[in-house]
>>> print(open('target.tsv').read())   # TSV, C-alpha atoms
chain	number	residue	atom	x	y	z
A	1	THR	CA	-14.79	-11.50	5.74
A	2	PHE	CA	-12.05	-13.70	4.35
A	3	ILE	CA	-9.26	-11.30	5.32
A	4	ALA	CA	-10.53	-11.00	8.91
A	5	GLN	CA	-10.78	-14.80	9.23
A	6	ILE	CA	-7.23	-15.39	8.02
A	7	ASP	CA	-5.82	-12.49	10.03
A	8	SER	CA	-7.39	-13.69	13.29
A	9	SER	CA	-6.22	-17.29	12.72
A	10	TYR	CA	-2.57	-16.50	13.47
A	11	LYS	CA	-0.68	-14.85	16.30
A	12	THR	CA	1.42	-12.30	14.43
A	13	THR	CA	3.53	-9.22	14.87
A	14	ALA	CA	1.74	-7.49	12.00
A	15	THR	CA	-0.22	-8.24	8.89
A	16	ILE	CA	0.94	-6.73	5.61
A	17	LEU	CA	-1.37	-6.79	2.60
A	18	THR	CA	0.09	-5.63	-0.72
A	19	GLY	CA	-0.74	-5.56	-4.36
A	20	ASP	CA	-2.40	-4.13	-7.40
A	21	PHE	CA	-5.98	-3.77	-6.15
A	22	ASN	CA	-7.30	-2.32	-9.43
A	23	ASP	CA	-9.22	0.25	-7.41
A	24	VAL	CA	-8.67	3.89	-6.48
A	25	PRO	CA	-8.54	5.14	-2.87
A	26	ASN	CA	-12.16	6.36	-2.74
A	27	SER	CA	-13.60	3.08	-4.10
A	28	THR	CA	-15.82	0.81	-2.02
A	29	SER	CA	-13.26	-2.02	-1.85
A	30	ILE	CA	-10.44	0.19	-0.59
A	31	GLY	CA	-12.86	1.91	1.80
A	32	LEU	CA	-13.74	-1.48	3.31
A	33	LEU	CA	-10.07	-2.11	4.06
A	34	THR	CA	-9.32	1.34	5.48
A	35	ASN	CA	-12.53	1.95	7.46
A	36	LYS	CA	-11.53	2.24	11.13
A	37	GLN	CA	-14.89	0.77	12.16
A	38	SER	CA	-14.41	-2.40	10.10
A	39	ASP	CA	-13.10	-5.78	11.25
A	40	THR	CA	-10.51	-5.59	8.46
A	41	PHE	CA	-9.09	-2.15	9.27
A	42	PHE	CA	-5.75	-1.69	7.55
A	43	ILE	CA	-3.57	1.42	7.31
A	44	ASP	CA	-2.39	2.58	3.89
A	45	SER	CA	1.33	2.94	4.63
A	46	PHE	CA	1.93	5.43	1.83
A	47	VAL	CA	-0.89	7.75	2.95
A	48	GLU	CA	0.24	7.57	6.55
A	49	ALA	CA	3.80	8.56	5.62
A	50	ASN	CA	2.80	11.10	2.94
A	51	PRO	CA	-0.64	12.50	3.81
A	52	LYS	CA	-0.49	15.29	1.23
A	53	VAL	CA	0.81	13.20	-1.70
A	54	ARG	CA	-1.54	11.27	-3.99
A	55	GLY	CA	0.80	8.34	-4.62
A	56	ASN	CA	-0.30	7.64	-8.18
A	57	THR	CA	1.20	4.48	-9.66
A	58	ILE	CA	-0.36	3.94	-13.10
A	59	PRO	CA	0.48	4.30	-15.94
A	60	ALA	CA	4.19	4.29	-15.16
A	61	SER	CA	5.06	6.87	-17.82
A	62	LYS	CA	2.53	9.47	-16.55
A	63	PRO	CA	0.85	8.26	-13.35
A	64	LYS	CA	-2.74	9.49	-13.04
A	65	SER	CA	-4.28	6.89	-10.69
A	66	LYS	CA	-3.38	5.04	-7.53
A	67	ILE	CA	-4.22	1.32	-7.56
A	68	ASP	CA	-1.12	-0.20	-5.90
A	69	TYR	CA	-0.95	-0.35	-2.11
A	70	ILE	CA	0.93	-1.56	0.93
A	71	PHE	CA	-1.59	-1.89	3.75
A	72	TYR	CA	-0.67	-2.97	7.25
A	73	LYS	CA	-2.23	-3.87	10.57
A	74	ASN	CA	0.12	-3.55	13.51
A	75	ASN	CA	-0.11	-5.05	16.97
A	76	GLY	CA	2.49	-2.60	18.26
A	77	LYS	CA	5.62	-4.58	17.48
A	78	ILE	CA	6.66	-2.85	14.27
A	79	ARG	CA	6.96	0.77	13.32
A	80	LYS	CA	6.78	2.17	9.86
A	81	VAL	CA	9.60	4.45	8.93
A	82	SER	CA	8.88	5.68	5.41
A	83	SER	CA	6.96	4.91	2.24
A	84	GLU	CA	7.61	6.06	-1.29
A	85	ILE	CA	6.81	5.51	-4.94
A	86	ILE	CA	9.71	3.79	-6.69
A	87	MET	CA	10.80	2.78	-10.22
A	88	LYS	CA	9.83	6.23	-11.54
A	89	ARG	CA	12.47	6.40	-14.25
A	90	PRO	CA	12.59	4.27	-17.38
A	91	TYR	CA	15.53	1.89	-17.63
A	92	LYS	CA	15.65	2.76	-21.34
A	93	LYS	CA	13.86	5.59	-23.14
A	94	GLY	CA	10.12	4.83	-22.92
A	95	HIS	CA	10.67	1.47	-21.20
A	96	TYR	CA	9.70	1.02	-17.56
A	97	ASN	CA	10.08	-2.05	-15.34
A	98	SER	CA	6.30	-2.41	-15.33
A	99	ASP	CA	3.17	-0.61	-16.49
A	100	HIS	CA	2.87	0.44	-12.81
A	101	LEU	CA	5.24	2.28	-10.52
A	102	GLY	CA	6.16	0.46	-7.34
A	103	VAL	CA	5.41	1.28	-3.70
A	104	MET	CA	8.04	0.60	-1.05
A	105	THR	CA	7.51	0.94	2.70
A	106	LEU	CA	10.18	0.43	5.32
A	107	PHE	CA	9.15	-1.16	8.63
A	108	PHE	CA	11.34	-1.76	11.67
A	109	GLY	CA	10.78	-3.88	14.74
A	110	GLY	CA	10.36	-2.45	18.19
A	111	LYS	CA	8.44	0.55	19.37
>>> encode(input="target.tsv", output="structure tokens")
Amino acid sequence: TFIAQIDSSYKTTATILTGDFNDVPNSTSIGLLTNKQSDTFFIDSFVEANPKVRGNTIPASKPKSKIDYIFYKNNGKIRKVSSEIIMKRPYKKGHYNSDHLGVMTLFFGGK
């Protein structure tokens, strides 16, 4: 796959893949990324840090679905510390920074 080709082309500490994937966690596309048997196996940082929390991000005013992710593939040189949903409060009544909530994951170097 395209992601596997790009990922294997560089000697890296880790690969971080982020974005609005327009797909929910149990969809085929997300399953292809998070399948441990696949050549593109990535870890959903939010799920790893918060296994019992859904992590819904859309719509911002009343999140019902998760379509925004921070995936990572680690070669052992970084460690994830935490991951959370951010921008949950409107900056003005009824006005959010985006139609989505954000996802933020903290990574640190070393083991």
>>> atom_distance(input="target.tsv", atom1="atom CA of A:Ala49", atom2="atom CA of A:Ser9")
28.6 Å
>>> residues_around(input="target.tsv", residues="stretch 75-88 of chain A", least_positions_apart="2", cutoff="10 Å", atoms="all atoms listed in the file", output="ChimeraX atom specification")
/A:11-15,44-50,53,55-57,60-63,68,70,72-73,90-91,96-98,100-111
>>> atom_distance(input="target.tsv", atom1="atom CA of A:Asn74", atom2="atom CA of A:Asp23")
23.2 Å
>>> atom_distance(input="target.tsv", atom1="atom CA of A:Ala4", atom2="atom CA of A:Thr40")
5.4 Å
>>> decode(input="target.tsv", residues="chain A", atoms="C-alpha atoms", output="PDB file, in the first residue's frame")
ATOM      1  CA  THR A   1       0.000   0.000   0.000  1.00  0.00           C
ATOM      2  CA  PHE A   2       0.983   3.629  -0.386  1.00  0.00           C
ATOM      3  CA  ILE A   3       1.425   4.193   3.357  1.00  0.00           C
ATOM      4  CA  ALA A   4       3.644   1.112   3.735  1.00  0.00           C
ATOM      5  CA  GLN A   5       5.812   2.196   0.778  1.00  0.00           C
ATOM      6  CA  ILE A   6       6.360   5.694   2.143  1.00  0.00           C
ATOM      7  CA  ASP A   7       6.885   4.466   5.706  1.00  0.00           C
ATOM      8  CA  SER A   8       9.532   1.926   4.676  1.00  0.00           C
ATOM      9  CA  SER A   9      11.372   4.478   2.496  1.00  0.00           C
ATOM     10  CA  TYR A  10      12.772   6.397   5.470  1.00  0.00           C
ATOM     11  CA  LYS A  11      14.751   5.537   8.566  1.00  0.00           C
ATOM     12  CA  THR A  12      12.662   7.157  11.290  1.00  0.00           C
ATOM     13  CA  THR A  13      12.094   7.264  15.006  1.00  0.00           C
ATOM     14  CA  ALA A  14       8.344   6.939  14.524  1.00  0.00           C
ATOM     15  CA  THR A  15       5.647   7.570  11.992  1.00  0.00           C
ATOM     16  CA  ILE A  16       2.678   9.706  12.996  1.00  0.00           C
ATOM     17  CA  LEU A  17      -0.419   9.767  10.803  1.00  0.00           C
ATOM     18  CA  THR A  18      -3.134  12.270  11.720  1.00  0.00           C
ATOM     19  CA  GLY A  19      -6.290  13.719  10.349  1.00  0.00           C
ATOM     20  CA  ASP A  20      -9.982  13.694   9.670  1.00  0.00           C
ATOM     21  CA  PHE A  21     -10.395  10.245   8.124  1.00  0.00           C
ATOM     22  CA  ASN A  22     -14.170  10.596   7.605  1.00  0.00           C
ATOM     23  CA  ASP A  23     -14.586   7.065   8.920  1.00  0.00           C
ATOM     24  CA  VAL A  24     -15.586   5.550  12.254  1.00  0.00           C
ATOM     25  CA  PRO A  25     -13.377   3.110  14.206  1.00  0.00           C
ATOM     26  CA  ASN A  26     -15.135  -0.062  13.005  1.00  0.00           C
ATOM     27  CA  SER A  27     -14.960   0.912   9.302  1.00  0.00           C
ATOM     28  CA  THR A  28     -12.886  -1.023   6.777  1.00  0.00           C
ATOM     29  CA  SER A  29     -10.408   1.824   6.196  1.00  0.00           C
ATOM     30  CA  ILE A  30      -9.634   2.317   9.887  1.00  0.00           C
ATOM     31  CA  GLY A  31      -9.480  -1.458  10.352  1.00  0.00           C
ATOM     32  CA  LEU A  32      -6.820  -1.674   7.635  1.00  0.00           C
ATOM     33  CA  LEU A  33      -4.660   0.811   9.535  1.00  0.00           C
ATOM     34  CA  THR A  34      -5.118  -0.767  12.968  1.00  0.00           C
ATOM     35  CA  ASN A  35      -4.969  -4.461  12.023  1.00  0.00           C
ATOM     36  CA  LYS A  36      -1.918  -5.941  13.770  1.00  0.00           C
ATOM     37  CA  GLN A  37      -1.467  -8.415  10.907  1.00  0.00           C
ATOM     38  CA  SER A  38      -1.248  -5.675   8.263  1.00  0.00           C
ATOM     39  CA  ASP A  39       1.865  -4.087   6.769  1.00  0.00           C
ATOM     40  CA  THR A  40       0.460  -0.687   7.744  1.00  0.00           C
ATOM     41  CA  PHE A  41      -0.241  -1.429  11.414  1.00  0.00           C
ATOM     42  CA  PHE A  42      -0.703   1.808  13.333  1.00  0.00           C
ATOM     43  CA  ILE A  43      -1.793   2.353  16.931  1.00  0.00           C
ATOM     44  CA  ASP A  44      -4.682   4.713  17.654  1.00  0.00           C
ATOM     45  CA  SER A  45      -3.036   6.860  20.333  1.00  0.00           C
ATOM     46  CA  PHE A  46      -6.334   7.939  21.879  1.00  0.00           C
ATOM     47  CA  VAL A  47      -7.625   4.370  22.240  1.00  0.00           C
ATOM     48  CA  GLU A  48      -4.336   3.208  23.689  1.00  0.00           C
ATOM     49  CA  ALA A  49      -4.390   5.950  26.341  1.00  0.00           C
ATOM     50  CA  ASN A  50      -8.151   5.785  26.989  1.00  0.00           C
ATOM     51  CA  PRO A  51      -9.364   2.245  26.221  1.00  0.00           C
ATOM     52  CA  LYS A  52     -12.799   2.761  27.776  1.00  0.00           C
ATOM     53  CA  VAL A  53     -13.551   6.172  26.222  1.00  0.00           C
ATOM     54  CA  ARG A  54     -15.117   6.501  22.761  1.00  0.00           C
ATOM     55  CA  GLY A  55     -13.280   9.686  21.777  1.00  0.00           C
ATOM     56  CA  ASN A  56     -16.067  11.184  19.679  1.00  0.00           C
ATOM     57  CA  THR A  57     -15.063  14.322  17.792  1.00  0.00           C
ATOM     58  CA  ILE A  58     -17.991  15.350  15.584  1.00  0.00           C
ATOM     59  CA  PRO A  59     -20.114  17.445  15.632  1.00  0.00           C
ATOM     60  CA  ALA A  60     -18.255  19.699  18.044  1.00  0.00           C
ATOM     61  CA  SER A  61     -21.394  20.864  19.848  1.00  0.00           C
ATOM     62  CA  LYS A  62     -22.617  17.308  20.633  1.00  0.00           C
ATOM     63  CA  PRO A  63     -20.045  14.723  19.524  1.00  0.00           C
ATOM     64  CA  LYS A  64     -21.656  11.467  18.391  1.00  0.00           C
ATOM     65  CA  SER A  65     -18.972   9.994  16.094  1.00  0.00           C
ATOM     66  CA  LYS A  66     -15.232   9.560  16.030  1.00  0.00           C
ATOM     67  CA  ILE A  67     -13.579  10.385  12.686  1.00  0.00           C
ATOM     68  CA  ASP A  68     -10.443  12.270  13.805  1.00  0.00           C
ATOM     69  CA  TYR A  69      -7.345  10.299  14.758  1.00  0.00           C
ATOM     70  CA  ILE A  70      -3.697  10.390  15.729  1.00  0.00           C
ATOM     71  CA  PHE A  71      -2.170   7.077  14.699  1.00  0.00           C
ATOM     72  CA  TYR A  72       1.444   6.166  15.312  1.00  0.00           C
ATOM     73  CA  LYS A  73       3.982   3.483  14.538  1.00  0.00           C
ATOM     74  CA  ASN A  74       6.902   3.400  16.937  1.00  0.00           C
ATOM     75  CA  ASN A  75      10.315   1.832  16.533  1.00  0.00           C
ATOM     76  CA  GLY A  76      10.912   2.053  20.283  1.00  0.00           C
ATOM     77  CA  LYS A  77      12.397   5.536  20.445  1.00  0.00           C
ATOM     78  CA  ILE A  78       9.333   7.457  21.571  1.00  0.00           C
ATOM     79  CA  ARG A  79       6.786   6.841  24.255  1.00  0.00           C
ATOM     80  CA  LYS A  80       3.287   8.140  24.335  1.00  0.00           C
ATOM     81  CA  VAL A  81       2.305   9.857  27.521  1.00  0.00           C
ATOM     82  CA  SER A  82      -1.335  10.866  27.123  1.00  0.00           C
ATOM     83  CA  SER A  83      -4.049  11.564  24.593  1.00  0.00           C
ATOM     84  CA  GLU A  84      -7.189  13.613  24.958  1.00  0.00           C
ATOM     85  CA  ILE A  85     -10.025  15.319  23.131  1.00  0.00           C
ATOM     86  CA  ILE A  86      -9.511  19.086  23.114  1.00  0.00           C
ATOM     87  CA  MET A  87     -11.381  22.275  22.098  1.00  0.00           C
ATOM     88  CA  LYS A  88     -14.545  21.003  23.804  1.00  0.00           C
ATOM     89  CA  ARG A  89     -15.867  24.400  24.821  1.00  0.00           C
ATOM     90  CA  PRO A  90     -17.151  27.085  22.478  1.00  0.00           C
ATOM     91  CA  TYR A  91     -15.111  30.280  22.362  1.00  0.00           C
ATOM     92  CA  LYS A  92     -18.426  32.144  22.154  1.00  0.00           C
ATOM     93  CA  LYS A  93     -21.923  30.788  22.776  1.00  0.00           C
ATOM     94  CA  GLY A  94     -22.611  28.236  20.025  1.00  0.00           C
ATOM     95  CA  HIS A  95     -19.311  28.930  18.231  1.00  0.00           C
ATOM     96  CA  TYR A  96     -16.558  26.325  18.232  1.00  0.00           C
ATOM     97  CA  ASN A  97     -13.080  26.506  16.695  1.00  0.00           C
ATOM     98  CA  SER A  98     -14.158  23.889  14.158  1.00  0.00           C
ATOM     99  CA  ASP A  99     -17.055  21.588  13.367  1.00  0.00           C
ATOM    100  CA  HIS A 100     -14.837  18.870  14.928  1.00  0.00           C
ATOM    101  CA  LEU A 101     -13.217  18.587  18.320  1.00  0.00           C
ATOM    102  CA  GLY A 102      -9.467  18.138  18.292  1.00  0.00           C
ATOM    103  CA  VAL A 103      -7.308  15.211  19.398  1.00  0.00           C
ATOM    104  CA  MET A 104      -3.994  15.868  21.123  1.00  0.00           C
ATOM    105  CA  THR A 105      -1.420  13.223  22.011  1.00  0.00           C
ATOM    106  CA  LEU A 106       1.799  13.868  23.891  1.00  0.00           C
ATOM    107  CA  PHE A 107       4.872  11.843  22.904  1.00  0.00           C
ATOM    108  CA  PHE A 108       8.299  11.930  24.530  1.00  0.00           C
ATOM    109  CA  GLY A 109      11.628  10.580  23.365  1.00  0.00           C
ATOM    110  CA  GLY A 110      13.427   7.758  25.082  1.00  0.00           C
ATOM    111  CA  LYS A 111      12.130   4.547  26.511  1.00  0.00           C
TER     112      LYS A 111
END
